[in-house]
$ cat coords-v3.txt   # compact mmCIF, C-alpha atoms
# COMPACT_ATOMS: atom_id res chain seq x y z
CA GLN A 1 82.93 109.19 101.15
CA VAL A 2 85.16 106.47 102.54
CA ARG A 3 88.30 107.55 104.38
CA LEU A 4 91.56 105.75 103.66
CA VAL A 5 94.66 105.80 105.83
CA GLU A 6 98.00 104.38 104.73
CA SER A 7 100.72 103.16 107.07
CA GLY A 8 103.90 101.11 106.99
CA GLY A 9 106.19 103.42 105.12
CA GLY A 10 109.71 104.15 106.24
CA LEU A 11 113.39 104.03 105.43
CA VAL A 12 114.84 100.78 104.10
CA GLN A 13 118.03 99.76 102.33
CA ALA A 14 118.01 98.66 98.74
CA GLY A 15 117.10 95.00 98.51
CA GLY A 16 114.94 95.20 101.59
CA SER A 17 111.20 94.85 102.08
CA LEU A 18 108.28 96.87 103.40
CA ARG A 19 104.59 96.15 103.79
CA LEU A 20 102.19 99.00 103.37
CA SER A 21 98.67 98.92 104.78
CA CYS A 22 95.58 100.85 103.78
CA ALA A 23 92.77 101.01 106.32
CA ALA A 24 89.31 102.01 105.14
CA SER A 25 86.69 103.61 107.39
CA GLU A 26 84.11 101.09 106.17
CA ARG A 27 83.89 97.89 104.13
CA THR A 28 85.16 99.08 100.78
CA PHE A 29 87.54 96.74 99.02
CA ASN A 30 84.98 93.94 98.83
CA LYS A 31 82.93 96.17 96.51
CA TYR A 32 85.45 98.45 94.84
CA TYR A 33 88.81 98.05 93.21
CA MET A 34 91.74 99.07 95.38
CA GLY A 35 94.75 100.73 93.84
CA TRP A 36 98.21 101.81 94.92
CA PHE A 37 99.92 104.77 93.32
CA ARG A 38 103.18 106.54 94.07
CA GLN A 39 104.58 109.99 93.53
CA ALA A 40 108.25 110.86 93.57
CA PRO A 41 109.37 114.47 94.08
CA GLY A 42 108.74 116.55 90.98
CA LYS A 43 106.99 113.72 89.18
CA GLU A 44 103.47 112.66 88.35
CA ARG A 45 101.49 110.27 90.54
CA ASP A 46 101.99 106.92 88.86
CA PHE A 47 100.06 103.66 88.96
CA VAL A 48 101.66 100.82 90.94
CA ALA A 49 99.11 98.03 91.39
CA THR A 50 95.42 97.29 91.58
CA ILE A 51 93.22 94.47 92.85
CA ASP A 52 89.57 93.84 92.13
CA TRP A 53 86.79 93.48 94.68
CA SER A 54 86.87 89.67 94.47
CA GLY A 55 90.60 89.51 95.05
CA ARG A 56 91.09 87.33 92.01
CA ILE A 57 92.43 89.96 89.63
CA GLN A 58 95.64 91.88 90.21
CA TYR A 59 97.48 94.11 87.81
CA TYR A 60 100.92 95.66 88.24
CA ALA A 61 103.02 98.32 86.65
CA ASP A 62 105.92 96.81 84.72
CA SER A 63 108.39 98.49 87.06
CA VAL A 64 107.15 96.56 90.11
CA ASN A 65 105.83 93.34 88.59
CA GLY A 66 107.42 90.36 90.30
CA ARG A 67 108.60 92.41 93.28
CA PHE A 68 105.37 93.86 94.71
CA THR A 69 102.21 92.02 95.73
CA ILE A 70 98.83 93.64 96.30
CA SER A 71 96.26 91.99 98.55
CA LYS A 72 93.35 92.71 100.83
CA ASP A 73 91.50 91.15 103.72
CA ASN A 74 88.21 89.31 103.24
CA ALA A 75 86.27 91.98 105.09
CA GLY A 76 87.27 94.57 102.52
CA ILE A 77 88.53 96.95 105.17
CA THR A 78 92.29 96.67 104.86
CA GLY A 79 94.47 96.48 101.81
CA TYR A 80 98.16 95.76 101.57
CA LEU A 81 101.14 96.27 99.34
CA GLN A 82 104.04 93.92 100.01
CA MET A 83 107.19 95.38 98.51
CA ASN A 84 110.26 93.18 98.12
CA SER A 85 113.65 93.72 96.49
CA LEU A 86 113.24 97.43 96.87
CA LYS A 87 115.27 99.75 94.67
CA THR A 88 116.25 103.38 95.17
CA GLU A 89 113.90 104.30 92.32
CA ASP A 90 110.98 103.01 94.41
CA THR A 91 111.42 106.02 96.71
CA ALA A 92 108.15 107.97 96.69
CA VAL A 93 105.02 108.79 98.63
CA TYR A 94 102.66 105.86 98.25
CA TYR A 95 98.90 106.38 98.10
CA CYS A 96 96.06 103.90 98.25
CA ALA A 97 92.78 104.58 96.54
CA ALA A 98 89.32 103.07 96.10
CA GLY A 99 87.60 102.71 92.75
CA THR A 100 84.53 104.68 91.72
CA SER A 101 82.28 101.87 90.49
CA ALA A 102 80.98 99.11 92.76
CA TRP A 103 81.24 95.56 91.44
CA TYR A 104 83.11 96.87 88.40
CA ILE A 105 83.85 94.29 85.73
CA GLY A 106 86.13 95.29 82.90
CA PRO A 107 89.72 96.22 82.19
CA ALA A 108 91.66 96.74 85.41
CA PRO A 109 91.59 100.44 86.27
CA ARG A 110 95.01 102.05 86.19
CA ASP A 111 94.30 105.73 85.76
CA LYS A 112 93.98 108.16 88.66
CA ALA A 113 90.58 109.18 87.32
CA ASP A 114 89.29 105.64 87.93
CA PHE A 115 89.68 106.11 91.68
CA GLY A 116 87.55 108.42 93.77
CA SER A 117 88.80 108.13 97.34
CA TRP A 118 92.42 108.64 98.33
CA GLY A 119 94.53 108.36 101.43
CA GLN A 120 97.02 110.96 102.60
CA GLY A 121 100.04 108.91 101.57
CA THR A 122 102.97 107.26 103.32
CA GLN A 123 106.62 107.96 102.56
CA VAL A 124 108.87 105.15 101.39
CA THR A 125 112.56 105.91 101.15
CA VAL A 126 115.00 103.35 99.79
CA SER A 127 118.67 104.07 100.42
CA SER A 128 121.58 102.68 98.43
$ encode --input "coords-v3.txt" --output "structure tokens"
Amino acid sequence: QVRLVESGGGLVQAGGSLRLSCAASERTFNKYYMGWFRQAPGKERDFVATIDWSGRIQYYADSVNGRFTISKDNAGITGYLQMNSLKTEDTAVYYCAAGTSAWYIGPAPRDKADFGSWGQGTQVTVSS
């Protein structure tokens, strides 16, 4: 199973930006969807964004649409989440994940069950 490692989290003031990275142990995101999820203390792990293996399809949660951008490198090894105009409610542990079906074509996966490999998470804290 592929290993995923997130990085780039930290403390930032509201209105600021952060760029998260997700490094895979092998070429992954050129075959599988990549997703970002987040989990705030005491809450469920929620969908943030997803990108398909071609890079042409992205889908965002309403709460981040227009502020966050998901992308990946052509090799399919590293994925990114550019987060702009951060708000205090964006504070959470952010997780990247890889989809379960290679070359999947269909509705963009947004449920945790659609993703089989997960990173350990990176903390993002947005202060007011």
$ residues_around --input "coords-v3.txt" --residues "A:Val126" --least-positions-apart "3" --cutoff "7 Å" --atoms "all atoms listed in the file" --output "MDAnalysis selection string"
chainID A and resid 11:14 86:88 90:91
$ write_last_selection --input "coords-v3.txt" --atoms "C-alpha atoms" --output "mmCIF file, in the coordinates of the input"
data_model
loop_
_atom_site.group_PDB
_atom_site.id
_atom_site.type_symbol
_atom_site.label_atom_id
_atom_site.label_comp_id
_atom_site.auth_asym_id
_atom_site.auth_seq_id
_atom_site.Cartn_x
_atom_site.Cartn_y
_atom_site.Cartn_z
ATOM 1 C CA LEU A 11 113.390 104.030 105.430
ATOM 2 C CA VAL A 12 114.840 100.780 104.100
ATOM 3 C CA GLN A 13 118.030 99.760 102.330
ATOM 4 C CA ALA A 14 118.010 98.660 98.740
ATOM 5 C CA LEU A 86 113.240 97.430 96.870
ATOM 6 C CA LYS A 87 115.270 99.750 94.670
ATOM 7 C CA THR A 88 116.250 103.380 95.170
ATOM 8 C CA ASP A 90 110.980 103.010 94.410
ATOM 9 C CA THR A 91 111.420 106.020 96.710
#
$ closest_residue --input "coords-v3.txt" --among "A:Cys22, A:Arg38, A:Pro109, A:Asp73" --to "A:Ser7" --atoms "only C-alpha atoms"
A:Cys22
$ closest_residue --input "coords-v3.txt" --among "A:Ala23, A:Ala102, A:Leu18, A:Val2" --to "A:Ala75" --atoms "all atoms listed in the file"
A:Ala23
$ residues_around --input "coords-v3.txt" --residues "stretch 51-63 of chain A" --least-positions-apart "2" --cutoff "7 Å" --atoms "all atoms listed in the file" --output "PDB file with C-alpha atoms, in the frame of the given file"
ATOM      1  CA  PHE A  29      87.540  96.740  99.020  1.00  0.00           C
ATOM      2  CA  ASN A  30      84.980  93.940  98.830  1.00  0.00           C
ATOM      3  CA  LYS A  31      82.930  96.170  96.510  1.00  0.00           C
ATOM      4  CA  TYR A  32      85.450  98.450  94.840  1.00  0.00           C
ATOM      5  CA  TYR A  33      88.810  98.050  93.210  1.00  0.00           C
ATOM      6  CA  MET A  34      91.740  99.070  95.380  1.00  0.00           C
ATOM      7  CA  GLY A  35      94.750 100.730  93.840  1.00  0.00           C
ATOM      8  CA  PHE A  47     100.060 103.660  88.960  1.00  0.00           C
ATOM      9  CA  VAL A  48     101.660 100.820  90.940  1.00  0.00           C
ATOM     10  CA  ALA A  49      99.110  98.030  91.390  1.00  0.00           C
ATOM     11  CA  ASN A  65     105.830  93.340  88.590  1.00  0.00           C
ATOM     12  CA  ILE A  70      98.830  93.640  96.300  1.00  0.00           C
ATOM     13  CA  SER A  71      96.260  91.990  98.550  1.00  0.00           C
ATOM     14  CA  TRP A 103      81.240  95.560  91.440  1.00  0.00           C
ATOM     15  CA  ALA A 108      91.660  96.740  85.410  1.00  0.00           C
TER      16      ALA A 108
END
$ residues_around --input "coords-v3.txt" --residues "A:Phe115" --least-positions-apart "6" --cutoff "6 Å" --atoms "all atoms listed in the file" --output "NGL selection string"
:A and (97-100)
$ write_last_selection --input "coords-v3.txt" --atoms "C-alpha atoms" --output "mmCIF file, in the frame of the given file"
data_model
loop_
_atom_site.group_PDB
_atom_site.id
_atom_site.type_symbol
_atom_site.label_atom_id
_atom_site.label_comp_id
_atom_site.auth_asym_id
_atom_site.auth_seq_id
_atom_site.Cartn_x
_atom_site.Cartn_y
_atom_site.Cartn_z
ATOM 1 C CA ALA A 97 92.780 104.580 96.540
ATOM 2 C CA ALA A 98 89.320 103.070 96.100
ATOM 3 C CA GLY A 99 87.600 102.710 92.750
ATOM 4 C CA THR A 100 84.530 104.680 91.720
#
$ residues_near_point --input "coords-v3.txt" --point "(96.7, 99.9, 103.2)" --cutoff "7 Å" --atoms "all atoms listed in the file" --output "MDAnalysis selection string"
chainID A and resid 5:7 20:23 78:81 96
$ residues_around --input "coords-v3.txt" --residues "A:Arg3" --least-positions-apart "5" --cutoff "9 Å" --atoms "all atoms listed in the file" --output "list of chain:residue names"
A:Ala23, A:Ala24, A:Ser25, A:Glu26, A:Ser117, A:Trp118, A:Gly119
$ closest_residue --input "coords-v3.txt" --among "A:Asn74, A:Phe68, A:Gly10, A:Thr50" --to "A:Arg110" --atoms "all atoms listed in the file"
A:Thr50
$ closest_residue --input "coords-v3.txt" --among "A:Thr125, A:Lys72, A:Asp114, A:Gly16" --to "A:Ser85" --atoms "only C-alpha atoms"
A:Gly16
$ build_atoms --input "coords-v3.txt" --residues "stretch 16-29 of chain A" --atoms "N, CA and C atoms" --output "JSON list (two decimals), in the coordinates of the input"
[["chain", "number", "residue", "atom", "x", "y", "z"],
["A", 16, "GLY", "N", 115.79, 95.50, 100.46],
["A", 16, "GLY", "CA", 114.94, 95.20, 101.59],
["A", 16, "GLY", "C", 113.46, 95.14, 101.23],
["A", 17, "SER", "N", 112.64, 95.00, 102.28],
["A", 17, "SER", "CA", 111.20, 94.85, 102.08],
["A", 17, "SER", "C", 110.43, 95.77, 103.02],
["A", 18, "LEU", "N", 109.24, 96.13, 102.58],
["A", 18, "LEU", "CA", 108.28, 96.87, 103.40],
["A", 18, "LEU", "C", 106.90, 96.37, 103.07],
["A", 19, "ARG", "N", 106.00, 96.47, 104.04],
["A", 19, "ARG", "CA", 104.59, 96.15, 103.79],
["A", 19, "ARG", "C", 103.75, 97.35, 104.15],
["A", 20, "LEU", "N", 103.08, 97.89, 103.16],
["A", 20, "LEU", "CA", 102.19, 99.00, 103.37],
["A", 20, "LEU", "C", 100.79, 98.50, 103.64],
["A", 21, "SER", "N", 100.07, 99.23, 104.49],
["A", 21, "SER", "CA", 98.67, 98.92, 104.78],
["A", 21, "SER", "C", 97.80, 100.11, 104.42],
["A", 22, "CYS", "N", 96.57, 99.82, 104.09],
["A", 22, "CYS", "CA", 95.58, 100.85, 103.78],
["A", 22, "CYS", "C", 94.30, 100.48, 104.51],
["A", 23, "ALA", "N", 93.96, 101.27, 105.52],
["A", 23, "ALA", "CA", 92.77, 101.01, 106.32],
["A", 23, "ALA", "C", 91.63, 101.90, 105.86],
["A", 24, "ALA", "N", 90.50, 101.28, 105.56],
["A", 24, "ALA", "CA", 89.31, 102.01, 105.14],
["A", 24, "ALA", "C", 88.38, 102.21, 106.33],
["A", 25, "SER", "N", 87.61, 103.29, 106.30],
["A", 25, "SER", "CA", 86.69, 103.61, 107.39],
["A", 25, "SER", "C", 85.45, 102.73, 107.37],
["A", 26, "GLU", "N", 85.25, 101.98, 106.28],
["A", 26, "GLU", "CA", 84.11, 101.09, 106.17],
["A", 26, "GLU", "C", 84.48, 100.00, 105.17],
["A", 27, "ARG", "N", 83.64, 98.96, 105.11],
["A", 27, "ARG", "CA", 83.89, 97.89, 104.13],
["A", 27, "ARG", "C", 83.87, 98.49, 102.73],
["A", 28, "THR", "N", 85.00, 98.41, 102.07],
["A", 28, "THR", "CA", 85.16, 99.08, 100.78],
["A", 28, "THR", "C", 85.72, 98.15, 99.72],
["A", 29, "PHE", "N", 86.80, 97.48, 100.04],
["A", 29, "PHE", "CA", 87.54, 96.74, 99.02],
["A", 29, "PHE", "C", 86.88, 95.40, 98.67]]
